[in-house]
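This report refers to the structure that appears directly beneath it.
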Amino acid sequence: MNSSASTNRITGGVTVTVNEAAGQQAVERAKALLTGIQGGAEKAMRAAMSRTVQRLRSGSNRAIQEKYDISDANIRSEKNVRVSYSYQNGVQAVVTFSGRKLPLYRFGGASPAVPTQDIAAGKKPVMVKGVWTRQYPGVAARGHQFKDTKTTQFSDAFVARMKSGHIGIFERTGGSTSEGSDAIQELMGSSVAQMLGRQEVAQRLTEEAYQNFEKELDDAVYRILAGWR
């Protein structure tokens, strides 16, 4: 986890490439079966590649959720997927996953659910617009990223709502804003690229994509032979 203000930038990317070599036997079989249909093999491979990419995109979420405590919606909120297709030398798709670091608040186990004052702690000195005042502090926030770890309580962090409506887990930096209030920074978790960037995860996604391409190609050939348009 990193609470630096600059960590919310897009961080790297993970790329998975799927091409004809991923299912060479299936490709040869498709070409043989569709010999008599003009453009049939190319049509089947394009359809198979498109469906494979769809599966790859949804499979990436499942790969993340095997280790990280986070919902589909919160992954998608900062997940960028770029897909490029090439048909000049066979069929190829390059899928790149990237995204900004996700707020720690969006991972499961974050609490409290909404900004909550810790009345029992008593009022503490806080600078608001250049003037020291006493306010009740926020209840100490809890959070984690990984499913196999307990949530951690951050003694100096709290849940707050920004003017924009954004809710997150924040901590004071010790500095002050241009308005003279205490400066705070949000605690961030990993980016999608970091979560997918483990070698074993990327390798598994690639292997699954190859398997899906073969299956989708066989299905596409069947649909064309059955008269599907």
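Identifiers in this document derive from the order of the structure tokens: chains are assigned A, B, ..., residues are numbered from 1 separately in each chain, and ligands are numbered from 1 in order of occurrence.
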Sorted by chain and rising residue number, which residues of range 104-193 of chain A lie within 10 Å of range 70-80 of chain A, and what are their closest atom pairs and distances in Å to one decimal, counting only C-alpha atoms, as a Markdown table?
| residue | atom | partner | partner_atom | distance |
| --- | --- | --- | --- | --- |
| A:Leu104 | CA | A:Ile70 | CA | 9.9 |
| A:Tyr105 | CA | A:Asn74 | CA | 9.9 |
| A:Arg106 | CA | A:Asn74 | CA | 6.2 |
| A:Phe107 | CA | A:Ile70 | CA | 4.8 |
| A:Gly108 | CA | A:Ile70 | CA | 5.5 |
| A:Gly109 | CA | A:Ile70 | CA | 9.2 |
| A:His144 | CA | A:Ile70 | CA | 9.9 |
| A:Gln145 | CA | A:Ile70 | CA | 7.6 |
| A:Phe146 | CA | A:Ile70 | CA | 8.7 |
| A:Lys147 | CA | A:Ile70 | CA | 8.8 |
| A:Ser191 | CA | A:Glu78 | CA | 7.8 |
| A:Val192 | CA | A:Lys79 | CA | 6.2 |
| A:Ala193 | CA | A:Lys79 | CA | 8.6 |
Now that the selection is made, can you save its residues with N, CA and C atoms as a compact mmCIF listing (two decimals), in the first residue's frame?
# COMPACT_ATOMS: atom_id res chain seq x y z
N LEU A 104 -7.78 2.19 -1.23
CA LEU A 104 -7.87 1.09 -0.29
C LEU A 104 -9.31 0.89 0.19
N TYR A 105 -10.06 1.97 0.22
CA TYR A 105 -11.46 1.93 0.66
C TYR A 105 -12.30 1.00 -0.20
N ARG A 106 -11.90 0.79 -1.46
CA ARG A 106 -12.71 -0.03 -2.37
C ARG A 106 -12.47 -1.53 -2.20
N PHE A 107 -11.46 -1.89 -1.43
CA PHE A 107 -11.24 -3.30 -1.16
C PHE A 107 -12.15 -3.75 -0.03
N GLY A 108 -12.47 -5.04 -0.01
CA GLY A 108 -13.35 -5.57 1.01
C GLY A 108 -12.77 -5.39 2.40
N GLY A 109 -13.64 -5.28 3.40
CA GLY A 109 -13.17 -5.17 4.77
C GLY A 109 -12.90 -3.75 5.22
N HIS A 144 -7.76 -3.83 4.12
CA HIS A 144 -6.74 -4.77 3.63
C HIS A 144 -6.96 -4.98 2.14
N GLN A 145 -6.04 -5.69 1.51
CA GLN A 145 -6.17 -6.02 0.10
C GLN A 145 -6.38 -7.52 -0.13
N PHE A 146 -5.65 -8.34 0.60
CA PHE A 146 -5.60 -9.77 0.32
C PHE A 146 -6.64 -10.55 1.11
N LYS A 147 -7.21 -11.55 0.45
CA LYS A 147 -8.23 -12.36 1.10
C LYS A 147 -7.69 -13.13 2.29
N SER A 191 -2.72 -1.31 -8.27
CA SER A 191 -3.38 -1.07 -9.55
C SER A 191 -3.73 -2.41 -10.18
N VAL A 192 -4.58 -2.39 -11.19
CA VAL A 192 -4.93 -3.62 -11.91
C VAL A 192 -3.67 -4.26 -12.50
N ALA A 193 -2.79 -3.42 -13.05
CA ALA A 193 -1.56 -3.94 -13.65
C ALA A 193 -0.71 -4.66 -12.60
Need the shell around Tyr87 in chain A: protein/DNA/RNA residues with any atom at most 12 Å away, counting only C-alpha atoms. Skip same-chain ones fewer than 5 positions apart. Format as a PDB file with C-alpha atoms, in the first residue's frame?
ATOM      1  CA  ASN A  19      -2.534 -15.582 -32.305  1.00  0.00           C
ATOM      2  CA  GLU A  20      -3.081 -18.485 -34.692  1.00  0.00           C
ATOM      3  CA  GLU A  42     -11.021 -15.989 -41.807  1.00  0.00           C
ATOM      4  CA  LYS A  43     -14.560 -15.268 -40.647  1.00  0.00           C
ATOM      5  CA  MET A  45     -11.024 -17.012 -36.784  1.00  0.00           C
ATOM      6  CA  ARG A  46     -12.131 -13.422 -36.345  1.00  0.00           C
ATOM      7  CA  MET A  49     -10.695 -14.229 -31.504  1.00  0.00           C
ATOM      8  CA  GLN A  92      -3.750 -11.879 -33.684  1.00  0.00           C
ATOM      9  CA  ALA A  93      -5.087  -9.962 -30.702  1.00  0.00           C
ATOM     10  CA  VAL A  94      -3.004  -8.037 -28.197  1.00  0.00           C
TER      11      VAL A  94
END
> Do you have the CA of His166 in chain A-CA of Gln185 in chain A distance handy?
Replying inline: 12.9 Å
Contact residues around Arg198 in chain A with only C-alpha atoms at 12 Å, ignoring same-chain residues under 5 positions, as a CSV table (one decimal) with N, CA and C atoms, in the first residue's frame:
chain,number,residue,atom,x,y,z
A,13,GLY,N,1.5,-1.9,-17.3
A,13,GLY,CA,0.4,-2.7,-18.0
A,13,GLY,C,0.8,-4.1,-18.1
A,14,VAL,N,-0.1,-4.9,-18.3
A,14,VAL,CA,0.1,-6.4,-18.5
A,14,VAL,C,-0.5,-6.7,-19.9
A,15,THR,N,0.3,-7.3,-20.7
A,15,THR,CA,-0.1,-7.6,-22.1
A,15,THR,C,-0.2,-9.1,-22.3
A,63,ALA,N,-9.1,-13.8,-11.9
A,63,ALA,CA,-7.7,-14.0,-11.5
A,63,ALA,C,-7.3,-13.1,-10.4
A,64,ILE,N,-7.8,-11.8,-10.4
A,64,ILE,CA,-7.5,-10.9,-9.4
A,64,ILE,C,-8.2,-11.3,-8.1
A,67,LYS,N,-7.0,-13.8,-5.2
A,67,LYS,CA,-6.0,-13.3,-4.2
A,67,LYS,C,-6.5,-12.0,-3.5
A,192,VAL,N,-4.6,-2.4,-11.2
A,192,VAL,CA,-4.9,-3.6,-11.9
A,192,VAL,C,-3.7,-4.3,-12.5
A,193,ALA,N,-2.8,-3.4,-13.1
A,193,ALA,CA,-1.6,-3.9,-13.6
A,193,ALA,C,-0.7,-4.7,-12.6
A,203,GLN,N,0.8,-15.8,-16.9
A,203,GLN,CA,1.0,-17.1,-17.6
A,203,GLN,C,-0.3,-17.9,-17.7
A,204,ARG,N,-1.1,-17.9,-16.6
A,204,ARG,CA,-2.3,-18.6,-16.6
A,204,ARG,C,-3.3,-18.0,-17.5
A,205,LEU,N,-3.4,-16.7,-17.5
A,205,LEU,CA,-4.3,-16.0,-18.4
A,205,LEU,C,-4.0,-16.3,-19.9
Long-range neighbours of Tyr210 in chain A as a short mmCIF file (atom, residue, chain, number, x, y, z; two decimals) with N, CA and C atoms, in the first residue's frame, 8 Å cut-off, only C-alpha atoms, 4 positions minimum in chain:
data_model
loop_
_atom_site.label_atom_id
_atom_site.label_comp_id
_atom_site.auth_asym_id
_atom_site.auth_seq_id
_atom_site.Cartn_x
_atom_site.Cartn_y
_atom_site.Cartn_z
N VAL A 18 -2.65 -13.28 -28.22
CA VAL A 18 -3.24 -14.52 -28.72
C VAL A 18 -3.17 -14.49 -30.24
N ALA A 22 -1.61 -20.12 -31.24
CA ALA A 22 -2.20 -20.55 -29.97
C ALA A 22 -3.03 -21.82 -30.15
N GLY A 23 -3.56 -22.02 -31.34
CA GLY A 23 -4.37 -23.22 -31.58
C GLY A 23 -4.16 -23.70 -33.00
N THR A 206 -2.72 -16.38 -20.23
CA THR A 206 -2.31 -16.72 -21.59
C THR A 206 -2.72 -18.14 -21.95
N GLU A 214 -9.13 -22.15 -29.15
CA GLU A 214 -9.39 -23.41 -29.84
C GLU A 214 -10.86 -23.78 -29.77
#
> Given the choices A:Ser86, A:Ser164, A:Gln65, A:Ser178, which gets closest to Asp148 in chain A if the distance is worked out from only C-alpha atoms?
Replying inline: A:Gln65
In range 173-207 of chain A, what's alpha helix (DSSP H) per DSSP? Answer as a PDB file with N, CA and C atoms, in the first residue's frame?
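Just written: part-v3.pdb:
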ATOM      1  N   VAL A 192      -4.583  -2.395 -11.193  1.00  0.00           N
ATOM      2  CA  VAL A 192      -4.926  -3.623 -11.909  1.00  0.00           C
ATOM      3  C   VAL A 192      -3.674  -4.257 -12.502  1.00  0.00           C
ATOM      4  N   ALA A 193      -2.788  -3.416 -13.052  1.00  0.00           N
ATOM      5  CA  ALA A 193      -1.555  -3.945 -13.645  1.00  0.00           C
ATOM      6  C   ALA A 193      -0.711  -4.662 -12.599  1.00  0.00           C
ATOM      7  N   GLN A 194      -0.649  -4.103 -11.409  1.00  0.00           N
ATOM      8  CA  GLN A 194       0.122  -4.748 -10.353  1.00  0.00           C
ATOM      9  C   GLN A 194      -0.519  -6.055  -9.910  1.00  0.00           C
ATOM     10  N   MET A 195      -1.842  -6.080  -9.829  1.00  0.00           N
ATOM     11  CA  MET A 195      -2.533  -7.284  -9.391  1.00  0.00           C
ATOM     12  C   MET A 195      -2.432  -8.408 -10.417  1.00  0.00           C
ATOM     13  N   LEU A 196      -2.420  -8.031 -11.697  1.00  0.00           N
ATOM     14  CA  LEU A 196      -2.295  -9.040 -12.761  1.00  0.00           C
ATOM     15  C   LEU A 196      -0.844  -9.308 -13.132  1.00  0.00           C
ATOM     16  N   GLN A 199       3.833 -13.151 -12.402  1.00  0.00           N
ATOM     17  CA  GLN A 199       4.150 -13.989 -13.552  1.00  0.00           C
ATOM     18  C   GLN A 199       3.191 -15.166 -13.679  1.00  0.00           C
ATOM     19  N   GLU A 200       2.848 -15.786 -12.556  1.00  0.00           N
ATOM     20  CA  GLU A 200       1.984 -16.958 -12.633  1.00  0.00           C
ATOM     21  C   GLU A 200       0.578 -16.599 -13.102  1.00  0.00           C
ATOM     22  N   VAL A 201       0.127 -15.378 -12.767  1.00  0.00           N
ATOM     23  CA  VAL A 201      -1.207 -14.948 -13.187  1.00  0.00           C
ATOM     24  C   VAL A 201      -1.221 -14.673 -14.686  1.00  0.00           C
ATOM     25  N   ALA A 202      -0.230 -13.918 -15.169  1.00  0.00           N
ATOM     26  CA  ALA A 202      -0.147 -13.612 -16.595  1.00  0.00           C
ATOM     27  C   ALA A 202      -0.012 -14.886 -17.428  1.00  0.00           C
ATOM     28  N   GLN A 203       0.796 -15.839 -16.923  1.00  0.00           N
ATOM     29  CA  GLN A 203       0.980 -17.101 -17.638  1.00  0.00           C
ATOM     30  C   GLN A 203      -0.329 -17.876 -17.711  1.00  0.00           C
ATOM     31  N   ARG A 204      -1.063 -17.884 -16.614  1.00  0.00           N
ATOM     32  CA  ARG A 204      -2.317 -18.627 -16.597  1.00  0.00           C
ATOM     33  C   ARG A 204      -3.345 -17.997 -17.526  1.00  0.00           C
ATOM     34  N   LEU A 205      -3.398 -16.666 -17.548  1.00  0.00           N
ATOM     35  CA  LEU A 205      -4.322 -15.991 -18.449  1.00  0.00           C
ATOM     36  C   LEU A 205      -4.001 -16.323 -19.904  1.00  0.00           C
ATOM     37  N   THR A 206      -2.715 -16.385 -20.232  1.00  0.00           N
ATOM     38  CA  THR A 206      -2.306 -16.717 -21.589  1.00  0.00           C
ATOM     39  C   THR A 206      -2.720 -18.143 -21.948  1.00  0.00           C
ATOM     40  N   GLU A 207      -2.475 -19.075 -21.056  1.00  0.00           N
ATOM     41  CA  GLU A 207      -2.828 -20.470 -21.316  1.00  0.00           C
ATOM     42  C   GLU A 207      -4.338 -20.632 -21.477  1.00  0.00           C
TER      43      GLU A 207
END
> How would you write, as an MDAnalysis selection string, the set of residues in range 53-141 of chain A that DSSP gives as strand (DSSP E)?
Replying inline: chainID A and resid 80:86 92:98 101:103 124:128 131:135 140:141
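The smallest atom-to-atom distance between Ser190 in chain A and any of A:Ser98, A:Gln88, A:Thr35, A:Thr52, using only C-alpha atoms, is found for A:Ser98.
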>> I'd like the contact shell of range 218-222 of chain A - 9 Å cut-off, only C-alpha atoms, skipping same-chain residues fewer than 6 positions apart - returned as a PyMOL selection string.
In response: chain A and resi 26-27+29-30+33-34+40-41+43-45+47-48+228
>> I need the residue nearest Val81 in chain A from this list: A:Gln135, A:Arg51, A:Asp69, A:Val16. Use only C-alpha atoms for the distance.
In response: A:Val16
>> With only C-alpha atoms as the counted atoms, please give the residues lying no more than 12 Å from Gly175 in chain A, apart from itself and same-chain residues fewer than 4 positions off, as JSON, numbers by chain.
In response: {"A": [126, 127, 130, 171, 179, 180, 181, 182, 183, 184, 185]}
